[in-house]
file coords_3.cif (mmCIF, C-alpha atoms and all ligand atoms)
data_structure
loop_
_atom_site.group_PDB
_atom_site.id
_atom_site.type_symbol
_atom_site.label_atom_id
_atom_site.label_comp_id
_atom_site.auth_asym_id
_atom_site.auth_seq_id
_atom_site.Cartn_x
_atom_site.Cartn_y
_atom_site.Cartn_z
ATOM 1 C CA MET A 263 -214.336 61.991 -58.689
ATOM 2 C CA GLY A 264 -214.382 63.850 -62.026
ATOM 3 C CA GLU A 265 -217.394 63.779 -64.325
ATOM 4 C CA ALA A 266 -215.466 61.604 -66.855
ATOM 5 C CA ASP A 267 -214.569 58.926 -64.287
ATOM 6 C CA GLY A 268 -215.202 55.472 -65.729
ATOM 7 C CA ARG A 269 -216.952 56.787 -68.835
ATOM 8 C CA LEU A 270 -215.952 55.334 -72.194
ATOM 9 C CA ALA A 271 -214.386 57.636 -74.793
ATOM 10 C CA VAL A 272 -213.462 56.880 -78.397
ATOM 11 C CA VAL A 273 -210.722 59.017 -79.937
ATOM 12 C CA THR A 274 -209.703 58.542 -83.576
ATOM 13 C CA GLY A 275 -206.330 59.689 -84.859
ATOM 14 C CA ALA A 276 -204.994 58.956 -81.376
ATOM 15 C CA ALA A 277 -201.480 58.039 -82.572
ATOM 16 C CA SER A 278 -200.443 61.622 -83.281
ATOM 17 C CA GLY A 279 -201.005 65.314 -82.752
ATOM 18 C CA ILE A 280 -204.412 66.534 -81.604
ATOM 19 C CA GLY A 281 -205.979 63.060 -81.288
ATOM 20 C CA GLN A 282 -203.086 61.843 -79.144
ATOM 21 C CA ALA A 283 -203.263 64.932 -76.895
ATOM 22 C CA THR A 284 -207.046 64.495 -76.582
ATOM 23 C CA ALA A 285 -206.723 60.817 -75.638
ATOM 24 C CA LEU A 286 -204.157 61.738 -72.960
ATOM 25 C CA ARG A 287 -206.424 64.514 -71.644
ATOM 26 C CA LEU A 288 -209.429 62.190 -71.441
ATOM 27 C CA LEU A 289 -207.336 59.608 -69.575
ATOM 28 C CA ALA A 290 -206.235 62.348 -67.167
ATOM 29 C CA GLU A 291 -209.906 63.252 -66.654
ATOM 30 C CA GLY A 292 -210.583 59.646 -65.625
ATOM 31 C CA ALA A 293 -212.216 58.314 -68.803
ATOM 32 C CA ARG A 294 -211.613 54.859 -70.260
ATOM 33 C CA VAL A 295 -210.234 55.542 -73.731
ATOM 34 C CA VAL A 296 -210.493 53.481 -76.915
ATOM 35 C CA ALA A 297 -207.695 54.873 -79.085
ATOM 36 C CA VAL A 298 -208.220 54.285 -82.806
ATOM 37 C CA ASP A 299 -205.597 54.773 -85.502
ATOM 38 C CA ILE A 300 -204.149 53.151 -88.612
ATOM 39 C CA ASN A 301 -200.653 53.651 -87.126
ATOM 40 C CA GLU A 302 -200.186 50.848 -84.587
ATOM 41 C CA ALA A 303 -196.698 51.893 -83.444
ATOM 42 C CA GLY A 304 -197.851 55.477 -82.930
ATOM 43 C CA LEU A 305 -200.504 54.348 -80.437
ATOM 44 C CA ARG A 306 -197.815 53.255 -77.961
ATOM 45 C CA ARG A 307 -197.783 56.584 -76.085
ATOM 46 C CA VAL A 308 -201.523 56.545 -75.297
ATOM 47 C CA VAL A 309 -201.505 52.802 -74.593
ATOM 48 C CA ASP A 310 -198.693 53.341 -72.073
ATOM 49 C CA ALA A 311 -200.954 55.962 -70.449
ATOM 50 C CA GLY A 312 -203.811 53.437 -70.182
ATOM 51 C CA ALA A 313 -205.756 53.543 -73.458
ATOM 52 C CA GLU A 314 -207.078 50.473 -75.262
ATOM 53 C CA PRO A 315 -205.694 50.392 -78.820
ATOM 54 C CA VAL A 316 -207.835 49.694 -81.863
ATOM 55 C CA VAL A 317 -205.800 49.519 -85.056
ATOM 56 C CA ALA A 318 -208.102 50.278 -87.972
ATOM 57 C CA ASP A 319 -208.080 51.979 -91.354
ATOM 58 C CA LEU A 320 -211.072 54.276 -90.996
ATOM 59 C CA SER A 321 -211.243 54.842 -94.749
ATOM 60 C CA THR A 322 -212.645 51.297 -95.087
ATOM 61 C CA GLU A 323 -216.008 49.905 -94.048
ATOM 62 C CA ALA A 324 -214.302 47.062 -92.170
ATOM 63 C CA GLY A 325 -212.060 49.471 -90.261
ATOM 64 C CA ARG A 326 -214.985 51.661 -89.287
ATOM 65 C CA ALA A 327 -216.993 48.603 -88.174
ATOM 66 C CA THR A 328 -214.148 47.579 -85.840
ATOM 67 C CA ALA A 329 -214.020 51.044 -84.269
ATOM 68 C CA ILE A 330 -217.809 51.251 -83.953
ATOM 69 C CA GLU A 331 -217.977 47.866 -82.234
ATOM 70 C CA ALA A 332 -215.244 48.857 -79.762
ATOM 71 C CA GLY A 333 -217.072 52.128 -79.075
ATOM 72 C CA GLN A 334 -220.553 50.831 -78.245
ATOM 73 C CA GLY A 335 -221.943 52.653 -75.217
ATOM 74 C CA ALA A 336 -219.292 55.376 -75.367
ATOM 75 C CA HIS A 337 -220.097 58.645 -73.618
ATOM 76 C CA TYR A 338 -217.595 60.653 -75.683
ATOM 77 C CA LEU A 339 -216.416 60.503 -79.306
ATOM 78 C CA VAL A 340 -213.693 62.641 -80.850
ATOM 79 C CA ASN A 341 -213.185 62.329 -84.613
ATOM 80 C CA ALA A 342 -209.608 63.553 -85.069
ATOM 81 C CA ALA A 343 -208.309 61.123 -87.726
ATOM 82 C CA GLY A 344 -207.554 63.078 -90.863
ATOM 83 C CA ILE A 345 -205.232 63.417 -93.818
ATOM 84 C CA LEU A 346 -204.119 66.260 -96.036
ATOM 85 C CA PHE A 347 -202.261 66.375 -99.327
ATOM 86 C CA VAL A 348 -200.698 69.309 -101.110
ATOM 87 C CA LYS A 349 -201.299 69.587 -104.839
ATOM 88 C CA PRO A 350 -202.511 72.347 -107.166
ATOM 89 C CA ILE A 351 -206.292 72.140 -107.536
ATOM 90 C CA TRP A 352 -205.959 71.480 -111.299
ATOM 91 C CA ASP A 353 -203.904 68.316 -110.751
ATOM 92 C CA VAL A 354 -206.126 66.575 -108.167
ATOM 93 C CA GLY A 355 -206.826 62.968 -109.268
ATOM 94 C CA LEU A 356 -209.829 60.747 -108.520
ATOM 95 C CA ASP A 357 -208.017 58.271 -106.252
ATOM 96 C CA GLU A 358 -206.579 60.916 -103.933
ATOM 97 C CA TRP A 359 -209.942 62.729 -103.971
ATOM 98 C CA LYS A 360 -211.774 59.558 -102.912
ATOM 99 C CA ARG A 361 -209.218 58.754 -100.224
ATOM 100 C CA ILE A 362 -209.335 62.155 -98.512
ATOM 101 C CA TRP A 363 -213.149 62.064 -98.423
ATOM 102 C CA ALA A 364 -213.076 58.496 -97.086
ATOM 103 C CA VAL A 365 -210.708 59.361 -94.223
ATOM 104 C CA ASN A 366 -211.907 62.860 -93.347
ATOM 105 C CA VAL A 367 -215.663 62.609 -93.955
ATOM 106 C CA ASP A 368 -216.850 58.986 -94.334
ATOM 107 C CA SER A 369 -215.144 58.012 -91.061
ATOM 108 C CA MET A 370 -216.580 61.064 -89.261
ATOM 109 C CA PHE A 371 -220.150 60.477 -90.412
ATOM 110 C CA PHE A 372 -220.263 56.715 -89.935
ATOM 111 C CA LEU A 373 -218.655 56.872 -86.473
ATOM 112 C CA CYS A 374 -221.136 59.601 -85.461
ATOM 113 C CA GLN A 375 -223.914 57.320 -86.718
ATOM 114 C CA GLY A 376 -222.618 53.987 -85.394
ATOM 115 C CA ILE A 377 -221.458 55.218 -81.971
ATOM 116 C CA GLY A 378 -223.891 58.129 -81.613
ATOM 117 C CA ARG A 379 -226.896 55.822 -81.860
ATOM 118 C CA SER A 380 -225.969 54.068 -78.596
ATOM 119 C CA MET A 381 -224.670 57.114 -76.700
ATOM 120 C CA PRO A 382 -226.324 57.734 -73.345
ATOM 121 C CA ALA A 383 -228.023 61.059 -72.539
ATOM 122 C CA GLY A 384 -225.344 63.615 -71.687
ATOM 123 C CA GLY A 385 -222.929 62.116 -74.213
ATOM 124 C CA ALA A 386 -220.984 64.351 -76.554
ATOM 125 C CA ILE A 387 -219.109 64.284 -79.856
ATOM 126 C CA VAL A 388 -216.417 66.653 -81.142
ATOM 127 C CA ASN A 389 -215.474 66.642 -84.827
ATOM 128 C CA LEU A 390 -212.207 68.104 -86.120
ATOM 129 C CA SER A 391 -212.908 70.617 -88.861
ATOM 130 C CA SER A 392 -210.356 73.329 -89.717
ATOM 131 C CA SER A 393 -210.149 77.081 -90.197
ATOM 132 C CA SER A 394 -209.617 76.199 -93.867
ATOM 133 C CA ALA A 395 -213.342 75.335 -93.943
ATOM 134 C CA LYS A 396 -214.028 79.064 -93.658
ATOM 135 C CA ALA A 397 -210.946 80.524 -95.330
ATOM 136 C CA ALA A 398 -210.079 78.484 -98.444
ATOM 137 C CA GLY A 399 -206.851 80.424 -98.787
ATOM 138 C CA THR A 400 -204.464 77.793 -100.139
ATOM 139 C CA VAL A 401 -205.355 76.366 -103.560
ATOM 140 C CA GLU A 402 -202.944 73.476 -103.003
ATOM 141 C CA VAL A 403 -205.097 72.071 -100.174
ATOM 142 C CA ALA A 404 -208.492 72.590 -101.835
ATOM 143 C CA PRO A 405 -209.857 69.037 -101.345
ATOM 144 C CA TYR A 406 -208.798 69.161 -97.670
ATOM 145 C CA SER A 407 -210.611 72.458 -97.234
ATOM 146 C CA MET A 408 -213.713 70.988 -98.899
ATOM 147 C CA THR A 409 -213.733 67.946 -96.584
ATOM 148 C CA LYS A 410 -213.398 70.223 -93.556
ATOM 149 C CA THR A 411 -216.407 72.233 -94.788
ATOM 150 C CA ALA A 412 -218.327 68.948 -95.069
ATOM 151 C CA ALA A 413 -217.315 68.213 -91.462
ATOM 152 C CA LEU A 414 -219.400 71.216 -90.414
ATOM 153 C CA GLY A 415 -222.396 69.772 -92.261
ATOM 154 C CA VAL A 416 -221.926 66.393 -90.588
ATOM 155 C CA THR A 417 -221.712 68.146 -87.214
ATOM 156 C CA ARG A 418 -224.911 70.150 -87.689
ATOM 157 C CA SER A 419 -227.037 67.297 -89.075
ATOM 158 C CA VAL A 420 -225.934 64.796 -86.444
ATOM 159 C CA ALA A 421 -226.359 67.440 -83.715
ATOM 160 C CA TYR A 422 -229.954 67.913 -84.857
ATOM 161 C CA ALA A 423 -230.573 64.156 -84.942
ATOM 162 C CA LEU A 424 -229.118 63.496 -81.479
ATOM 163 C CA ALA A 425 -230.433 66.571 -79.655
ATOM 164 C CA PRO A 426 -233.754 64.900 -78.651
ATOM 165 C CA ARG A 427 -231.662 62.324 -76.754
ATOM 166 C CA SER A 428 -229.559 65.057 -75.064
ATOM 167 C CA VAL A 429 -226.412 64.051 -76.931
ATOM 168 C CA ARG A 430 -224.399 67.040 -78.191
ATOM 169 C CA VAL A 431 -222.228 67.372 -81.296
ATOM 170 C CA ASN A 432 -219.828 70.244 -81.937
ATOM 171 C CA ALA A 433 -216.945 70.998 -84.284
ATOM 172 C CA ILE A 434 -213.622 72.656 -83.537
ATOM 173 C CA LEU A 435 -211.782 74.590 -86.258
ATOM 174 C CA PRO A 436 -208.069 74.728 -85.436
ATOM 175 C CA GLY A 437 -205.800 77.171 -87.231
ATOM 176 C CA ILE A 438 -202.129 76.312 -86.687
ATOM 177 C CA VAL A 439 -201.494 73.539 -84.162
ATOM 178 C CA ASP A 440 -197.960 72.121 -83.918
ATOM 179 C CA THR A 441 -198.369 68.544 -85.165
ATOM 180 C CA PRO A 442 -196.775 66.331 -87.826
ATOM 181 C CA MET A 443 -199.585 67.390 -90.207
ATOM 182 C CA GLN A 444 -198.485 71.037 -89.912
ATOM 183 C CA ASP A 445 -194.874 70.028 -90.638
ATOM 184 C CA THR A 446 -196.083 68.268 -93.796
ATOM 185 C CA VAL A 447 -197.916 71.407 -94.943
ATOM 186 C CA LEU A 448 -194.923 73.668 -94.338
ATOM 187 C CA GLU A 449 -192.482 71.366 -96.109
ATOM 188 C CA ALA A 450 -194.757 70.893 -99.131
ATOM 189 C CA VAL A 451 -196.017 74.466 -99.548
ATOM 190 C CA ALA A 452 -192.734 76.346 -98.827
ATOM 191 C CA PRO A 453 -191.040 75.426 -102.146
ATOM 192 C CA LEU A 454 -194.187 76.489 -104.039
ATOM 193 C CA ARG A 455 -193.756 79.973 -102.478
ATOM 194 C CA GLY A 456 -189.967 80.085 -102.984
ATOM 195 C CA LEU A 457 -189.445 79.969 -99.206
ATOM 196 C CA THR A 458 -187.912 77.619 -96.661
ATOM 197 C CA ALA A 459 -190.284 75.886 -94.248
ATOM 198 C CA ALA A 460 -188.986 78.122 -91.421
ATOM 199 C CA GLU A 461 -189.587 81.285 -93.487
ATOM 200 C CA LEU A 462 -193.107 80.177 -94.405
ATOM 201 C CA SER A 463 -193.845 79.315 -90.776
ATOM 202 C CA ALA A 464 -192.697 82.775 -89.629
ATOM 203 C CA ALA A 465 -194.744 84.485 -92.360
ATOM 204 C CA ARG A 466 -197.870 82.538 -91.399
ATOM 205 C CA LEU A 467 -197.483 83.297 -87.697
ATOM 206 C CA LYS A 468 -197.375 87.029 -88.515
ATOM 207 C CA THR A 469 -200.967 86.674 -89.761
ATOM 208 C CA VAL A 470 -202.130 85.262 -86.393
ATOM 209 C CA PRO A 471 -203.256 88.075 -84.038
ATOM 210 C CA LEU A 472 -201.922 86.214 -80.986
ATOM 211 C CA GLY A 473 -198.643 85.771 -82.891
ATOM 212 C CA ARG A 474 -198.117 82.074 -82.224
ATOM 213 C CA SER A 475 -199.232 78.557 -83.029
ATOM 214 C CA ALA A 476 -200.793 76.264 -80.411
ATOM 215 C CA PRO A 477 -199.473 73.069 -78.836
ATOM 216 C CA PRO A 478 -201.811 70.078 -79.271
ATOM 217 C CA ASP A 479 -202.624 69.884 -75.561
ATOM 218 C CA GLU A 480 -204.071 73.404 -75.670
ATOM 219 C CA CYS A 481 -206.408 72.235 -78.445
ATOM 220 C CA ALA A 482 -207.250 69.142 -76.392
ATOM 221 C CA GLY A 483 -208.269 71.440 -73.520
ATOM 222 C CA VAL A 484 -210.922 73.124 -75.685
ATOM 223 C CA ILE A 485 -212.076 69.737 -77.005
ATOM 224 C CA TRP A 486 -212.474 68.567 -73.397
ATOM 225 C CA PHE A 487 -214.478 71.700 -72.594
ATOM 226 C CA LEU A 488 -216.837 70.944 -75.517
ATOM 227 C CA LEU A 489 -217.231 67.342 -74.324
ATOM 228 C CA SER A 490 -217.762 68.309 -70.699
ATOM 229 C CA ASP A 491 -220.973 69.223 -68.885
ATOM 230 C CA ALA A 492 -219.727 72.837 -68.768
ATOM 231 C CA ALA A 493 -220.778 73.006 -72.448
ATOM 232 C CA ALA A 494 -224.145 71.295 -71.811
ATOM 233 C CA TYR A 495 -226.102 74.019 -73.690
ATOM 234 C CA MET A 496 -223.854 73.975 -76.777
ATOM 235 C CA THR A 497 -224.626 71.796 -79.760
ATOM 236 C CA GLY A 498 -224.190 72.109 -83.532
ATOM 237 C CA GLN A 499 -221.518 74.770 -83.016
ATOM 238 C CA ALA A 500 -218.312 75.438 -84.930
ATOM 239 C CA ILE A 501 -215.674 76.793 -82.544
ATOM 240 C CA ASN A 502 -212.644 78.611 -83.948
ATOM 241 C CA PHE A 503 -209.315 77.727 -82.307
ATOM 242 C CA THR A 504 -207.046 80.015 -84.304
ATOM 243 C CA GLY A 505 -205.354 82.621 -82.095
ATOM 244 C CA GLY A 506 -207.696 85.179 -83.655
ATOM 245 C CA LEU A 507 -206.838 84.327 -87.268
ATOM 246 C CA VAL A 508 -210.548 83.692 -87.904
ATOM 247 C CA MET A 509 -213.038 85.736 -85.914
ATOM 248 C CA LEU A 510 -216.361 84.826 -87.549
HETATM 249 N N1 LIG B 601 -202.594 70.550 -86.923
HETATM 250 C C1 LIG B 601 -203.360 71.533 -87.306
HETATM 251 O O1 LIG B 601 -202.933 72.692 -87.328
HETATM 252 C C2 LIG B 601 -204.779 71.290 -87.729
HETATM 253 C C3 LIG B 601 -205.515 72.377 -88.166
HETATM 254 C C4 LIG B 601 -206.838 72.196 -88.538
HETATM 255 C C5 LIG B 601 -207.415 70.945 -88.456
HETATM 256 N N2 LIG B 601 -206.682 69.888 -88.035
HETATM 257 C C6 LIG B 601 -207.357 68.580 -87.991
HETATM 258 O O2 LIG B 601 -207.146 67.962 -86.735
HETATM 259 C C7 LIG B 601 -207.125 66.542 -86.897
HETATM 260 C C8 LIG B 601 -205.841 66.008 -86.285
HETATM 261 O O3 LIG B 601 -204.752 66.570 -87.024
HETATM 262 P P1 LIG B 601 -203.243 66.501 -86.549
HETATM 263 O O4 LIG B 601 -202.638 67.788 -86.923
HETATM 264 O O5 LIG B 601 -203.180 65.989 -85.160
HETATM 265 O O6 LIG B 601 -202.708 65.416 -87.612
HETATM 266 P P2 LIG B 601 -201.698 64.200 -87.459
HETATM 267 O O7 LIG B 601 -201.282 63.869 -88.862
HETATM 268 O O8 LIG B 601 -200.660 64.502 -86.445
HETATM 269 O O9 LIG B 601 -202.639 63.033 -86.891
HETATM 270 C C9 LIG B 601 -203.663 62.454 -87.672
HETATM 271 C C10 LIG B 601 -203.835 61.015 -87.239
HETATM 272 O O10 LIG B 601 -204.859 60.413 -88.070
HETATM 273 C C11 LIG B 601 -204.435 59.096 -88.375
HETATM 274 N N3 LIG B 601 -205.051 58.588 -89.599
HETATM 275 C C12 LIG B 601 -204.829 59.017 -90.862
HETATM 276 N N4 LIG B 601 -205.498 58.259 -91.737
HETATM 277 C C13 LIG B 601 -206.159 57.316 -91.012
HETATM 278 C C14 LIG B 601 -206.999 56.230 -91.367
HETATM 279 N N5 LIG B 601 -207.286 55.929 -92.642
HETATM 280 N N6 LIG B 601 -207.521 55.469 -90.367
HETATM 281 C C15 LIG B 601 -207.206 55.732 -89.081
HETATM 282 N N7 LIG B 601 -206.390 56.739 -88.690
HETATM 283 C C16 LIG B 601 -205.880 57.530 -89.654
HETATM 284 C C17 LIG B 601 -202.925 59.226 -88.548
HETATM 285 O O11 LIG B 601 -202.267 57.964 -88.485
HETATM 286 C C18 LIG B 601 -202.552 60.176 -87.432
HETATM 287 O O12 LIG B 601 -202.237 59.481 -86.250
HETATM 288 C C19 LIG B 601 -207.242 66.278 -88.393
HETATM 289 O O13 LIG B 601 -208.573 65.971 -88.719
HETATM 290 C C20 LIG B 601 -206.826 67.594 -89.007
HETATM 291 O O14 LIG B 601 -207.399 67.774 -90.268
HETATM 292 C C21 LIG B 601 -205.370 70.033 -87.668
#

call {"tool": "encode", "arguments": {"input": "coords_3.cif", "output": "C-alpha cells"}}
result
Amino acid sequence: MGEADGRLAVVTGAASGIGQATALRLLAEGARVVAVDINEAGLRRVVDAGAEPVVADLSTEAGRATAIEAGQGAHYLVNAAGILFVKPIWDVGLDEWKRIWAVNVDSMFFLCQGIGRSMPAGGAIVNLSSSSAKAAGTVEVAPYSMTKTAALGVTRSVAYALAPRSVRVNAILPGIVDTPMQDTVLEAVAPLRGLTAAELSAARLKTVPLGRSAPPDECAGVIWFLLSDAAAYMTGQAINFTGGLVML
C-alpha cells in the first residue's frame, strides 16, 4: 500500500508533456486520476493507463466549473495546463494577452479555490511556474514570464489560506524540460537569433550547469515529492528544477 492508494488526484494539462508524465506517475503511485485537458485525443495515453478524462477549456468559466466538479474531494491537484506564445513585447495584442492570463493564471487560481476548498487535511497542490518567472531573459516570451511570476503569487496566497487546514501548496519552476512546448519555443525563437532550432538548443544547454535538459518524468518525480507526505513541512515554496541554471 502506497500513501496515494485510492486517493483522488486532478492533473490539468494531462494530454502532453509534464502534465501527462505527472498523471502517469500518480497512477503508478496508486492514485485515482482525473486528467483534464482541452486536447481530447491527447488524453488517450493517460486514459489507457487508467485515468478518467475530463475534456475542458480551462480558459473559460464553464470549462473550469467542469474540472472543479470532477475534482471535488481530491487529495492532490497539479496545475500543469499552460500556453506560451513567441512575439516581441512591443507587438503583444490584447486578445493574446487575455488568453495567456486566462489559461495560465485564471485556471490555476480558480482550480486552487474550487478544489482546494474541499481538500482533506494532508492534501497538496503543485502549480507549474517557470524559471522565466525569475529570469525574464527572452523579450519574445514576456507575457508568459509575467504569468509564471503571477503563479508564484497564487501559490503563496493559497498556501497561506489553506495552511490552517493542513493543505499544502507549492510551485515548481522548470527550466528546460523536453516537451512539445519546448519544441515550439525553439522553432519560434531560433529564426529571431539567426540560428537553427538545433543550434539554439545546443547554445541554451551550454548555459545549464548540468549540461542537459530534463525528461518530463524526471520533473514528475519532483512534483510527486512535493505532493507526498515526505514534503509535509513544505508549503508556499518555489522549487527550481533547472539543472542549476537558476540557483536562487
Ligand atoms: N517544458 C518546459 O521546459 C517548461 C518550463 C517551464 C514551465 N513549464 C510549464 O509546465 C507546464 C506544462 O508544460 P509542458 O511543457 O508540458 O507543455 P505542453 O504544451 O506539452 O502541455 C501543456 C498542456 O496544456 C494543455 N492546455 C493548453 N491550453 C489549455 C486550456 N485552455 N484548457 C485545458 N488544457 C489546456 C495543452 O493541451 C497541453 O496538453 C506549463 O504550465 C508550462 O508553462 C514548462

call {"tool": "closest_residue", "arguments": {"input": "coords_3.cif", "among": "A:Arg474, A:Lys349, A:His337, A:Arg294", "to": "ligand LIG 601 (chain B)", "atoms": "only C-alpha atoms and all ligand atoms"}}
result
A:Arg474

call {"tool": "resolve_selection", "arguments": {"input": "coords_3.cif", "expression": "the PyMOL selection byres (((chain A and resi 270-287) around 9) and not hetatm)", "output": "PyMOL selection string"}}
result
chain A and resi 266-269+288-308+311-313+315+320+329+332-344+377+439-443+477-483+485-486

call {"tool": "atom_distance", "arguments": {"input": "coords_3.cif", "atom1": "atom C10 of ligand LIG 601 (chain B)", "atom2": "CA of Trp363 (chain A)"}}
result
14.6 Å

call {"tool": "resolve_selection", "arguments": {"input": "coords_3.cif", "expression": "the PyMOL selection byres (((chain A and resi 499-504) around 8) and not hetatm)", "output": "NGL selection string"}}
result
:A and (393 or 414 or 417-418 or 431-438 or 470 or 481 or 496-498 or 505-509)

call {"tool": "residues_around", "arguments": {"input": "coords_3.cif", "residues": "Ser463 (chain A)", "least_positions_apart": "4", "cutoff": "8 Å", "atoms": "all atoms listed in the file", "output": "PDB file with C-alpha atoms, in the coordinates of the input"}}
result
ATOM      1  CA  LEU A 448    -194.923  73.668 -94.338  1.00  0.00           C
ATOM      2  CA  ALA A 459    -190.284  75.886 -94.248  1.00  0.00           C
ATOM      3  CA  LEU A 467    -197.483  83.297 -87.697  1.00  0.00           C
TER       4      LEU A 467
END

call {"tool": "closest_residue", "arguments": {"input": "coords_3.cif", "among": "A:Leu356, A:Phe372, A:Thr469, A:Ser407", "to": "Ala324 (chain A)", "atoms": "all atoms listed in the file"}}
result
A:Phe372

call {"tool": "closest_residue", "arguments": {"input": "coords_3.cif", "among": "A:Cys374, A:Ala413, A:Ala493, A:Leu457", "to": "ligand LIG 601 (chain B)", "atoms": "only C-alpha atoms and all ligand atoms"}}
result
A:Ala413

call {"tool": "atom_distance", "arguments": {"input": "coords_3.cif", "atom1": "CA of Asp357 (chain A)", "atom2": "CA of Arg455 (chain A)"}}
result
26.2 Å

call {"tool": "closest_residue", "arguments": {"input": "coords_3.cif", "among": "A:Asp491, A:Leu510, A:Ala364, A:Phe347", "to": "Val447 (chain A)", "atoms": "all atoms listed in the file"}}
result
A:Phe347

call {"tool": "resolve_selection", "arguments": {"input": "coords_3.cif", "expression": "the PyMOL selection byres (((chain A and resi 379) around 12) and not hetatm)", "output": "short mmCIF file (atom, residue, chain, number, x, y, z; two decimals) with C-alpha atoms, in the coordinates of the input"}}
result
data_model
loop_
_atom_site.label_atom_id
_atom_site.label_comp_id
_atom_site.auth_asym_id
_atom_site.auth_seq_id
_atom_site.Cartn_x
_atom_site.Cartn_y
_atom_site.Cartn_z
CA ILE A 330 -217.81 51.25 -83.95
CA GLU A 331 -217.98 47.87 -82.23
CA GLY A 333 -217.07 52.13 -79.08
CA GLN A 334 -220.55 50.83 -78.24
CA GLY A 335 -221.94 52.65 -75.22
CA ALA A 336 -219.29 55.38 -75.37
CA HIS A 337 -220.10 58.64 -73.62
CA LEU A 339 -216.42 60.50 -79.31
CA PHE A 371 -220.15 60.48 -90.41
CA PHE A 372 -220.26 56.72 -89.94
CA LEU A 373 -218.66 56.87 -86.47
CA CYS A 374 -221.14 59.60 -85.46
CA GLN A 375 -223.91 57.32 -86.72
CA GLY A 376 -222.62 53.99 -85.39
CA ILE A 377 -221.46 55.22 -81.97
CA GLY A 378 -223.89 58.13 -81.61
CA SER A 380 -225.97 54.07 -78.60
CA MET A 381 -224.67 57.11 -76.70
CA PRO A 382 -226.32 57.73 -73.34
CA ALA A 383 -228.02 61.06 -72.54
CA GLY A 385 -222.93 62.12 -74.21
CA ALA A 386 -220.98 64.35 -76.55
CA ILE A 387 -219.11 64.28 -79.86
CA VAL A 420 -225.93 64.80 -86.44
CA ALA A 421 -226.36 67.44 -83.72
CA ALA A 423 -230.57 64.16 -84.94
CA LEU A 424 -229.12 63.50 -81.48
CA ALA A 425 -230.43 66.57 -79.66
CA PRO A 426 -233.75 64.90 -78.65
CA ARG A 427 -231.66 62.32 -76.75
CA SER A 428 -229.56 65.06 -75.06
CA VAL A 429 -226.41 64.05 -76.93
#

call {"tool": "axis_aligned_box", "arguments": {"input": "coords_3.cif", "around": "ligand LIG 601 (chain B)", "padding_each_side": "5 Å", "output": "JSON"}}
result
{"center_x": -204.6, "center_y": 64.1, "center_z": -88.9, "size_x": 17.9, "size_y": 27.2, "size_z": 17.5}

call {"tool": "atom_distance", "arguments": {"input": "coords_3.cif", "atom1": "CA of Ser369 (chain A)", "atom2": "atom O4 of ligand LIG 601 (chain B)"}}
result
16.4 Å

call {"tool": "closest_residue", "arguments": {"input": "coords_3.cif", "among": "A:Asp310, A:Asp368, A:Glu265, A:Asp319", "to": "ligand LIG 601 (chain B)", "atoms": "only C-alpha atoms and all ligand atoms"}}
result
A:Asp319

call {"tool": "build_atoms", "arguments": {"input": "coords_3.cif", "residues": "region 424-436 of chain A", "atoms": "N, CA and C atoms", "output": "PDB file, keeping the file's coordinate frame"}}
result
ATOM      1  N   LEU A 424    -229.362  64.036 -82.823  1.00  0.00           N
ATOM      2  CA  LEU A 424    -229.118  63.496 -81.479  1.00  0.00           C
ATOM      3  C   LEU A 424    -229.628  64.403 -80.356  1.00  0.00           C
ATOM      4  N   ALA A 425    -229.992  65.633 -80.700  1.00  0.00           N
ATOM      5  CA  ALA A 425    -230.433  66.571 -79.655  1.00  0.00           C
ATOM      6  C   ALA A 425    -231.625  66.045 -78.842  1.00  0.00           C
ATOM      7  N   PRO A 426    -232.620  65.390 -79.463  1.00  0.00           N
ATOM      8  CA  PRO A 426    -233.754  64.900 -78.651  1.00  0.00           C
ATOM      9  C   PRO A 426    -233.323  63.912 -77.579  1.00  0.00           C
ATOM     10  N   ARG A 427    -232.158  63.265 -77.770  1.00  0.00           N
ATOM     11  CA  ARG A 427    -231.662  62.324 -76.754  1.00  0.00           C
ATOM     12  C   ARG A 427    -230.634  62.974 -75.840  1.00  0.00           C
ATOM     13  N   SER A 428    -230.517  64.319 -75.911  1.00  0.00           N
ATOM     14  CA  SER A 428    -229.559  65.057 -75.064  1.00  0.00           C
ATOM     15  C   SER A 428    -228.123  64.616 -75.288  1.00  0.00           C
ATOM     16  N   VAL A 429    -227.807  64.299 -76.532  1.00  0.00           N
ATOM     17  CA  VAL A 429    -226.412  64.051 -76.931  1.00  0.00           C
ATOM     18  C   VAL A 429    -225.999  65.228 -77.804  1.00  0.00           C
ATOM     19  N   ARG A 430    -224.838  65.816 -77.507  1.00  0.00           N
ATOM     20  CA  ARG A 430    -224.399  67.040 -78.191  1.00  0.00           C
ATOM     21  C   ARG A 430    -223.283  66.754 -79.186  1.00  0.00           C
ATOM     22  N   VAL A 431    -223.248  67.543 -80.250  1.00  0.00           N
ATOM     23  CA  VAL A 431    -222.228  67.372 -81.296  1.00  0.00           C
ATOM     24  C   VAL A 431    -221.720  68.753 -81.704  1.00  0.00           C
ATOM     25  N   ASN A 432    -220.426  68.966 -81.562  1.00  0.00           N
ATOM     26  CA  ASN A 432    -219.828  70.244 -81.937  1.00  0.00           C
ATOM     27  C   ASN A 432    -218.569  70.015 -82.774  1.00  0.00           C
ATOM     28  N   ALA A 433    -218.179  71.062 -83.489  1.00  0.00           N
ATOM     29  CA  ALA A 433    -216.945  70.998 -84.284  1.00  0.00           C
ATOM     30  C   ALA A 433    -215.962  72.022 -83.749  1.00  0.00           C
ATOM     31  N   ILE A 434    -214.670  71.683 -83.847  1.00  0.00           N
ATOM     32  CA  ILE A 434    -213.622  72.656 -83.537  1.00  0.00           C
ATOM     33  C   ILE A 434    -212.844  72.914 -84.826  1.00  0.00           C
ATOM     34  N   LEU A 435    -212.486  74.189 -85.031  1.00  0.00           N
ATOM     35  CA  LEU A 435    -211.782  74.590 -86.258  1.00  0.00           C
ATOM     36  C   LEU A 435    -210.405  75.120 -85.874  1.00  0.00           C
ATOM     37  N   PRO A 436    -209.400  74.239 -85.781  1.00  0.00           N
ATOM     38  CA  PRO A 436    -208.069  74.728 -85.436  1.00  0.00           C
ATOM     39  C   PRO A 436    -207.459  75.507 -86.599  1.00  0.00           C
TER      40      PRO A 436
END
